[in-house]
$ cat structure_14.txt   # compact mmCIF, N, CA and C atoms
# COMPACT_ATOMS: atom_id res chain seq x y z
N MET A 39 60.36 17.95 54.12
CA MET A 39 59.94 19.02 53.31
C MET A 39 59.12 18.52 52.13
N ALA A 40 57.99 19.08 51.91
CA ALA A 40 57.09 18.66 50.84
C ALA A 40 57.30 19.54 49.61
N LEU A 41 57.61 18.89 48.49
CA LEU A 41 57.80 19.64 47.23
C LEU A 41 56.53 19.51 46.39
N LYS A 42 56.10 20.61 45.81
CA LYS A 42 54.91 20.61 44.94
C LYS A 42 55.35 20.66 43.48
N ARG A 43 54.58 20.02 42.68
CA ARG A 43 54.85 20.04 41.24
C ARG A 43 54.40 21.37 40.65
N ARG A 44 55.19 21.89 39.76
CA ARG A 44 54.81 23.15 39.12
C ARG A 44 53.90 22.90 37.91
N ASN A 45 54.13 21.86 37.17
CA ASN A 45 53.31 21.53 36.00
C ASN A 45 52.27 20.49 36.39
N LYS A 46 51.04 20.87 36.25
CA LYS A 46 49.96 19.96 36.59
C LYS A 46 49.45 19.31 35.30
N VAL A 47 49.40 18.01 35.23
CA VAL A 47 48.94 17.27 34.06
C VAL A 47 47.43 17.08 34.18
N GLU A 48 46.70 17.48 33.09
CA GLU A 48 45.24 17.32 33.07
C GLU A 48 44.87 16.26 32.05
N ALA A 49 43.89 15.50 32.37
CA ALA A 49 43.42 14.44 31.47
C ALA A 49 42.24 14.97 30.66
N THR A 50 42.51 15.84 29.68
CA THR A 50 41.47 16.39 28.81
C THR A 50 41.85 16.12 27.36
N PHE A 51 40.85 16.27 26.50
CA PHE A 51 41.05 16.04 25.08
C PHE A 51 40.62 17.30 24.34
N SER A 52 41.45 17.79 23.45
CA SER A 52 41.13 18.99 22.68
C SER A 52 40.42 18.59 21.39
N MET A 53 39.23 19.11 21.19
CA MET A 53 38.42 18.77 20.01
C MET A 53 38.73 19.67 18.82
N SER A 54 39.59 20.64 18.97
CA SER A 54 39.84 21.58 17.88
C SER A 54 40.45 20.90 16.67
N SER A 55 41.36 19.97 16.85
CA SER A 55 41.95 19.28 15.71
C SER A 55 40.93 18.37 15.02
N MET A 56 40.04 17.77 15.79
CA MET A 56 39.00 16.92 15.23
C MET A 56 38.01 17.74 14.40
N THR A 57 37.60 18.89 14.88
CA THR A 57 36.66 19.74 14.13
C THR A 57 37.32 20.28 12.87
N ASP A 58 38.62 20.59 12.93
CA ASP A 58 39.32 21.02 11.73
C ASP A 58 39.29 19.93 10.66
N LEU A 59 39.50 18.73 11.06
CA LEU A 59 39.47 17.61 10.14
C LEU A 59 38.08 17.40 9.54
N ILE A 60 37.05 17.50 10.35
CA ILE A 60 35.68 17.33 9.87
C ILE A 60 35.31 18.43 8.87
N PHE A 61 35.67 19.67 9.16
CA PHE A 61 35.37 20.76 8.23
C PHE A 61 36.17 20.63 6.94
N LEU A 62 37.37 20.13 7.01
CA LEU A 62 38.16 19.90 5.81
C LEU A 62 37.51 18.83 4.93
N LEU A 63 37.05 17.75 5.53
CA LEU A 63 36.34 16.70 4.77
C LEU A 63 35.03 17.21 4.18
N LEU A 64 34.31 18.01 4.96
CA LEU A 64 33.06 18.58 4.46
C LEU A 64 33.32 19.47 3.26
N LEU A 65 34.34 20.30 3.33
CA LEU A 65 34.69 21.18 2.22
C LEU A 65 35.09 20.36 0.99
N PHE A 66 35.84 19.29 1.19
CA PHE A 66 36.24 18.44 0.08
C PHE A 66 35.02 17.83 -0.62
N PHE A 67 34.08 17.28 0.13
CA PHE A 67 32.92 16.63 -0.48
C PHE A 67 31.98 17.63 -1.14
N VAL A 68 31.86 18.82 -0.60
CA VAL A 68 31.03 19.84 -1.23
C VAL A 68 31.63 20.25 -2.56
N MET A 69 32.93 20.46 -2.60
CA MET A 69 33.57 20.86 -3.85
C MET A 69 33.57 19.72 -4.86
N ALA A 70 33.77 18.51 -4.42
CA ALA A 70 33.79 17.37 -5.33
C ALA A 70 32.41 17.12 -5.93
N SER A 71 31.36 17.33 -5.16
CA SER A 71 30.01 17.08 -5.68
C SER A 71 29.59 18.14 -6.69
N THR A 72 30.09 19.36 -6.58
CA THR A 72 29.72 20.39 -7.55
C THR A 72 30.50 20.24 -8.85
N MET A 73 31.62 19.55 -8.83
CA MET A 73 32.41 19.36 -10.05
C MET A 73 31.88 18.24 -10.92
N SER A 74 31.12 17.33 -10.37
CA SER A 74 30.59 16.23 -11.18
C SER A 74 29.45 16.74 -12.03
N SER A 75 29.46 16.39 -13.31
CA SER A 75 28.40 16.84 -14.20
C SER A 75 27.35 15.75 -14.34
N PRO A 76 26.08 16.09 -14.21
CA PRO A 76 25.02 15.08 -14.35
C PRO A 76 24.84 14.69 -15.81
N ASN A 77 24.20 13.58 -16.04
CA ASN A 77 23.91 13.12 -17.40
C ASN A 77 22.97 14.10 -18.07
N ASP A 78 23.12 14.24 -19.39
CA ASP A 78 22.25 15.14 -20.12
C ASP A 78 20.85 14.57 -20.28
N ILE A 79 20.76 13.28 -20.47
CA ILE A 79 19.47 12.64 -20.65
C ILE A 79 19.20 11.78 -19.43
N LYS A 80 18.15 12.11 -18.70
CA LYS A 80 17.80 11.35 -17.51
C LYS A 80 16.93 10.16 -17.93
N ILE A 81 17.38 8.97 -17.61
CA ILE A 81 16.65 7.77 -17.95
C ILE A 81 16.53 6.90 -16.72
N ASN A 82 15.33 6.51 -16.39
CA ASN A 82 15.11 5.56 -15.30
C ASN A 82 15.01 4.17 -15.91
N LEU A 83 16.06 3.39 -15.72
CA LEU A 83 16.05 2.03 -16.24
C LEU A 83 15.57 1.09 -15.15
N PRO A 84 14.44 0.45 -15.33
CA PRO A 84 13.94 -0.46 -14.30
C PRO A 84 14.80 -1.72 -14.23
N GLN A 85 14.96 -2.24 -13.06
CA GLN A 85 15.71 -3.47 -12.85
C GLN A 85 14.90 -4.64 -13.37
N SER A 86 15.58 -5.67 -13.74
CA SER A 86 14.87 -6.81 -14.31
C SER A 86 14.17 -7.66 -13.25
N ARG A 87 14.66 -7.62 -12.00
CA ARG A 87 14.05 -8.45 -10.97
C ARG A 87 13.19 -7.66 -10.00
N ALA A 88 13.43 -6.38 -9.88
CA ALA A 88 12.67 -5.56 -8.93
C ALA A 88 11.79 -4.59 -9.70
N LYS A 89 10.66 -4.31 -9.14
CA LYS A 89 9.73 -3.38 -9.76
C LYS A 89 10.04 -1.98 -9.24
N THR A 90 10.23 -1.03 -10.17
CA THR A 90 10.48 0.35 -9.77
C THR A 90 9.21 1.15 -9.98
N ASN A 91 8.99 2.07 -9.11
CA ASN A 91 7.80 2.92 -9.21
C ASN A 91 8.19 4.28 -9.75
N THR A 92 7.47 4.71 -10.78
CA THR A 92 7.66 6.05 -11.31
C THR A 92 6.35 6.79 -11.14
N LYS A 93 6.42 8.09 -11.38
CA LYS A 93 5.20 8.88 -11.30
C LYS A 93 4.28 8.50 -12.45
N GLN A 94 3.13 9.11 -12.48
CA GLN A 94 2.14 8.82 -13.51
C GLN A 94 2.72 9.05 -14.90
N VAL A 95 2.68 8.04 -15.75
CA VAL A 95 3.16 8.16 -17.12
C VAL A 95 2.10 8.89 -17.93
N VAL A 96 2.53 9.96 -18.59
CA VAL A 96 1.59 10.77 -19.35
C VAL A 96 1.44 10.25 -20.77
N ALA A 97 2.56 9.86 -21.40
CA ALA A 97 2.53 9.39 -22.78
C ALA A 97 3.26 8.06 -22.89
N LYS A 98 2.80 7.24 -23.82
CA LYS A 98 3.43 5.95 -24.07
C LYS A 98 3.76 5.88 -25.55
N VAL A 99 5.06 5.75 -25.86
CA VAL A 99 5.51 5.66 -27.24
C VAL A 99 5.92 4.22 -27.51
N ASN A 100 5.32 3.61 -28.52
CA ASN A 100 5.63 2.24 -28.90
C ASN A 100 6.36 2.24 -30.24
N ILE A 101 7.43 1.46 -30.34
CA ILE A 101 8.12 1.26 -31.61
C ILE A 101 8.20 -0.25 -31.82
N ASP A 102 7.54 -0.74 -32.88
CA ASP A 102 7.54 -2.18 -33.10
C ASP A 102 8.76 -2.60 -33.92
N GLU A 103 8.86 -3.89 -34.22
CA GLU A 103 10.04 -4.42 -34.89
C GLU A 103 10.23 -3.90 -36.31
N LEU A 104 9.18 -3.37 -36.92
CA LEU A 104 9.26 -2.80 -38.26
C LEU A 104 9.57 -1.31 -38.25
N GLY A 105 9.64 -0.72 -37.08
CA GLY A 105 9.92 0.72 -36.97
C GLY A 105 8.68 1.59 -37.01
N ASN A 106 7.50 0.99 -36.83
CA ASN A 106 6.26 1.76 -36.81
C ASN A 106 6.06 2.36 -35.42
N TYR A 107 5.68 3.63 -35.39
CA TYR A 107 5.47 4.34 -34.14
C TYR A 107 3.99 4.42 -33.82
N SER A 108 3.66 4.30 -32.54
CA SER A 108 2.31 4.58 -32.06
C SER A 108 2.44 5.29 -30.72
N VAL A 109 1.53 6.23 -30.47
CA VAL A 109 1.58 7.05 -29.27
C VAL A 109 0.23 7.03 -28.59
N ALA A 110 0.24 6.84 -27.27
CA ALA A 110 -0.98 6.91 -26.47
C ALA A 110 -0.76 7.97 -25.40
N ILE A 111 -1.62 8.97 -25.36
CA ILE A 111 -1.54 10.03 -24.36
C ILE A 111 -2.58 9.73 -23.29
N GLY A 112 -2.14 9.64 -22.04
CA GLY A 112 -3.06 9.35 -20.94
C GLY A 112 -3.66 7.97 -21.09
N ARG A 113 -4.98 7.89 -20.96
CA ARG A 113 -5.67 6.60 -21.10
C ARG A 113 -6.30 6.45 -22.48
N ASN A 114 -5.97 7.33 -23.40
CA ASN A 114 -6.50 7.25 -24.76
C ASN A 114 -5.89 6.07 -25.51
N LYS A 115 -6.59 5.65 -26.56
CA LYS A 115 -6.11 4.56 -27.38
C LYS A 115 -4.92 5.02 -28.21
N ALA A 116 -3.96 4.13 -28.44
CA ALA A 116 -2.76 4.46 -29.20
C ALA A 116 -3.10 4.74 -30.66
N ILE A 117 -2.47 5.79 -31.20
CA ILE A 117 -2.65 6.12 -32.61
C ILE A 117 -1.32 5.96 -33.31
N ASN A 118 -1.36 5.53 -34.57
CA ASN A 118 -0.15 5.40 -35.37
C ASN A 118 0.30 6.78 -35.82
N ILE A 119 1.62 6.98 -35.84
CA ILE A 119 2.16 8.28 -36.19
C ILE A 119 3.47 8.07 -36.96
N MET A 120 3.79 8.99 -37.83
CA MET A 120 5.04 8.94 -38.58
C MET A 120 6.18 9.41 -37.67
N PRO A 121 7.38 8.86 -37.82
CA PRO A 121 8.49 9.25 -36.95
C PRO A 121 8.82 10.74 -37.01
N GLU A 122 8.70 11.37 -38.19
CA GLU A 122 9.01 12.79 -38.30
C GLU A 122 7.94 13.67 -37.66
N ASP A 123 6.75 13.14 -37.41
CA ASP A 123 5.68 13.91 -36.77
C ASP A 123 5.63 13.70 -35.26
N LEU A 124 6.49 12.84 -34.73
CA LEU A 124 6.44 12.49 -33.31
C LEU A 124 6.70 13.69 -32.42
N GLU A 125 7.72 14.48 -32.72
CA GLU A 125 8.07 15.63 -31.88
C GLU A 125 6.94 16.64 -31.85
N ALA A 126 6.39 16.98 -33.00
CA ALA A 126 5.31 17.96 -33.05
C ALA A 126 4.08 17.46 -32.29
N TYR A 127 3.80 16.17 -32.39
CA TYR A 127 2.64 15.61 -31.70
C TYR A 127 2.83 15.63 -30.18
N LEU A 128 3.99 15.20 -29.72
CA LEU A 128 4.23 15.19 -28.27
C LEU A 128 4.23 16.59 -27.68
N VAL A 129 4.87 17.53 -28.37
CA VAL A 129 4.91 18.91 -27.87
C VAL A 129 3.51 19.52 -27.93
N GLY A 130 2.76 19.21 -28.95
CA GLY A 130 1.40 19.73 -29.06
C GLY A 130 0.49 19.20 -27.96
N GLU A 131 0.64 17.94 -27.61
CA GLU A 131 -0.21 17.33 -26.59
C GLU A 131 0.26 17.63 -25.17
N LEU A 132 1.58 17.59 -24.94
CA LEU A 132 2.11 17.75 -23.60
C LEU A 132 2.65 19.14 -23.32
N GLY A 133 2.93 19.91 -24.36
CA GLY A 133 3.55 21.21 -24.16
C GLY A 133 4.99 21.02 -23.69
N ASN A 134 5.53 22.01 -23.02
CA ASN A 134 6.88 21.90 -22.46
C ASN A 134 6.80 21.60 -20.98
N ASP A 135 6.02 20.60 -20.63
CA ASP A 135 5.83 20.20 -19.24
C ASP A 135 7.04 19.39 -18.79
N SER A 136 7.83 19.94 -17.87
CA SER A 136 9.03 19.25 -17.41
C SER A 136 8.71 18.10 -16.46
N THR A 137 7.47 17.97 -16.03
CA THR A 137 7.09 16.86 -15.16
C THR A 137 6.45 15.72 -15.93
N ALA A 138 6.35 15.86 -17.25
CA ALA A 138 5.72 14.83 -18.07
C ALA A 138 6.65 13.63 -18.20
N TYR A 139 6.10 12.45 -17.95
CA TYR A 139 6.84 11.20 -18.11
C TYR A 139 6.41 10.53 -19.41
N ILE A 140 7.39 10.09 -20.18
CA ILE A 140 7.13 9.36 -21.42
C ILE A 140 7.70 7.96 -21.23
N ALA A 141 6.87 6.96 -21.46
CA ALA A 141 7.32 5.56 -21.39
C ALA A 141 7.62 5.09 -22.81
N LEU A 142 8.85 4.65 -23.02
CA LEU A 142 9.26 4.18 -24.34
C LEU A 142 9.27 2.65 -24.34
N HIS A 143 8.40 2.08 -25.15
CA HIS A 143 8.33 0.63 -25.33
C HIS A 143 8.88 0.33 -26.72
N ALA A 144 10.16 -0.04 -26.79
CA ALA A 144 10.82 -0.28 -28.07
C ALA A 144 11.18 -1.75 -28.19
N ASP A 145 10.96 -2.29 -29.37
CA ASP A 145 11.33 -3.67 -29.64
C ASP A 145 12.85 -3.81 -29.57
N GLN A 146 13.33 -4.95 -29.11
CA GLN A 146 14.78 -5.12 -28.92
C GLN A 146 15.54 -5.22 -30.23
N ASP A 147 14.86 -5.47 -31.34
CA ASP A 147 15.55 -5.65 -32.62
C ASP A 147 15.55 -4.40 -33.49
N ILE A 148 15.01 -3.28 -33.02
CA ILE A 148 14.99 -2.08 -33.86
C ILE A 148 16.35 -1.41 -33.84
N ALA A 149 16.56 -0.51 -34.79
CA ALA A 149 17.83 0.22 -34.88
C ALA A 149 17.96 1.18 -33.70
N TYR A 150 19.18 1.35 -33.25
CA TYR A 150 19.47 2.20 -32.10
C TYR A 150 19.06 3.65 -32.37
N LYS A 151 19.13 4.09 -33.62
CA LYS A 151 18.80 5.48 -33.95
C LYS A 151 17.34 5.80 -33.67
N GLU A 152 16.46 4.81 -33.71
CA GLU A 152 15.05 5.05 -33.42
C GLU A 152 14.84 5.38 -31.94
N VAL A 153 15.59 4.70 -31.07
CA VAL A 153 15.51 4.99 -29.64
C VAL A 153 16.12 6.36 -29.35
N VAL A 154 17.24 6.67 -30.00
CA VAL A 154 17.90 7.95 -29.79
C VAL A 154 17.01 9.10 -30.25
N ARG A 155 16.22 8.89 -31.28
CA ARG A 155 15.30 9.94 -31.75
C ARG A 155 14.33 10.34 -30.64
N VAL A 156 13.75 9.36 -29.96
CA VAL A 156 12.82 9.65 -28.87
C VAL A 156 13.56 10.26 -27.68
N LEU A 157 14.77 9.78 -27.40
CA LEU A 157 15.57 10.36 -26.32
C LEU A 157 15.87 11.83 -26.58
N ASP A 158 16.22 12.17 -27.81
CA ASP A 158 16.51 13.56 -28.15
C ASP A 158 15.28 14.45 -28.01
N ILE A 159 14.13 13.96 -28.42
CA ILE A 159 12.89 14.74 -28.28
C ILE A 159 12.61 15.03 -26.82
N ALA A 160 12.73 14.01 -25.99
CA ALA A 160 12.49 14.20 -24.56
C ALA A 160 13.51 15.14 -23.94
N ASN A 161 14.75 15.03 -24.36
CA ASN A 161 15.81 15.88 -23.81
C ASN A 161 15.62 17.33 -24.23
N GLN A 162 15.29 17.58 -25.48
CA GLN A 162 15.13 18.94 -25.97
C GLN A 162 13.99 19.67 -25.27
N HIS A 163 12.94 18.95 -24.92
CA HIS A 163 11.76 19.58 -24.31
C HIS A 163 11.69 19.31 -22.81
N LYS A 164 12.80 18.82 -22.23
CA LYS A 164 12.94 18.60 -20.79
C LYS A 164 11.84 17.71 -20.22
N MET A 165 11.49 16.69 -20.97
CA MET A 165 10.53 15.69 -20.50
C MET A 165 11.31 14.51 -19.94
N LYS A 166 10.75 13.83 -18.99
CA LYS A 166 11.41 12.67 -18.40
C LYS A 166 11.02 11.42 -19.18
N LEU A 167 11.99 10.56 -19.41
CA LEU A 167 11.77 9.38 -20.24
C LEU A 167 12.08 8.12 -19.43
N VAL A 168 11.21 7.14 -19.53
CA VAL A 168 11.39 5.84 -18.89
C VAL A 168 11.41 4.80 -19.98
N ILE A 169 12.47 4.00 -20.01
CA ILE A 169 12.56 2.93 -20.99
C ILE A 169 12.02 1.67 -20.36
N ALA A 170 11.01 1.12 -20.95
CA ALA A 170 10.35 -0.07 -20.40
C ALA A 170 11.10 -1.32 -20.82
N THR A 171 11.26 -2.23 -19.88
CA THR A 171 11.86 -3.54 -20.16
C THR A 171 10.96 -4.61 -19.57
N LYS A 172 11.18 -5.84 -19.99
CA LYS A 172 10.41 -6.92 -19.39
C LYS A 172 11.18 -7.49 -18.21
N LYS A 173 10.47 -8.13 -17.31
CA LYS A 173 11.08 -8.66 -16.10
C LYS A 173 11.95 -9.84 -16.39

$ encode --input "structure_14.txt" --output "structure tokens"
Amino acid sequence: MALKRRNKVEATFSMSSMTDLIFLLLLFFVMASTMSSPNDIKINLPQSRAKTNTKQVVAKVNIDELGNYSVAIGRNKAINIMPEDLEAYLVGELGNDSTAYIALHADQDIAYKEVVRVLDIANQHKMKLVIATKK
């Protein structure tokens, strides 16, 4: 007499638990990325050994070791300017262009407040600032 099995075993794999896990991880990373707050001041710091490429620099602000400011817009020659007139000059020349790049060339021995002054001007008017360093 031949007996048949009532329960047939199948060699299949259910993907439902795997997809649940993937969607749970996706939800976690989406929520975690929205909770992180970006920096208020965007600064592209170039590496000392590698050359980084930025978009066309519109303005170049120089601060020498004595705290004297000079500004060059585009390919024009740099003009000396007083620190309190810097904001009015940059806004007058560049407007509120959020795509404007400002390159800050500051001497390493100047006071930190001089660099912060330029950072605040760029931040208030939503301009992008690049701090130049030597290789």

$ closest_residue --input "structure_14.txt" --among "A:Glu125, A:Glu103, A:Asp135, A:Glu152" --to "Lys166 (chain A)" --atoms "only C-alpha atoms"
A:Asp135

$ closest_residue --input "structure_14.txt" --among "A:Ala70, A:Ile101, A:Val109, A:Val96" --to "Thr137 (chain A)" --atoms "all atoms listed in the file"
A:Val96

$ residues_around --input "structure_14.txt" --residues "Ala144 (chain A)" --least-positions-apart "6" --cutoff "12 Å" --atoms "only C-alpha atoms" --output "PyMOL selection string"
chain A and resi 98-109+150-157+168-172

$ atom_distance --input "structure_14.txt" --atom1 "atom C of Ile119 (chain A)" --atom2 "atom N of Lys164 (chain A)"
20.5 Å

$ atom_distance --input "structure_14.txt" --atom1 "CA of Ser55 (chain A)" --atom2 "CA of Phe67 (chain A)"
18.7 Å

$ atom_distance --input "structure_14.txt" --atom1 "CA of Ser71 (chain A)" --atom2 "CA of Asp58 (chain A)"
20.1 Å

$ select_by_dssp --input "structure_14.txt" --residues "region 97-148 of chain A" --states "strand (DSSP E)" --output "list in words"
Ala97, Lys98, Val99, Asn100, Ile101, Tyr107, Ser108, Val109, Ala110, Ile111, Ile117, Asn118, Ile119, Tyr139, Ile140, Ala141, Leu142, His143 and Ala144 of chain A

$ axis_aligned_box --input "structure_14.txt" --around "region 117-129 of chain A" --padding-each-side "3 Å" --output "AutoDock Vina command-line options"
--center_x 3.2 --center_y 12.5 --center_z -33.1 --size_x 17.7 --size_y 20.1 --size_z 16.9
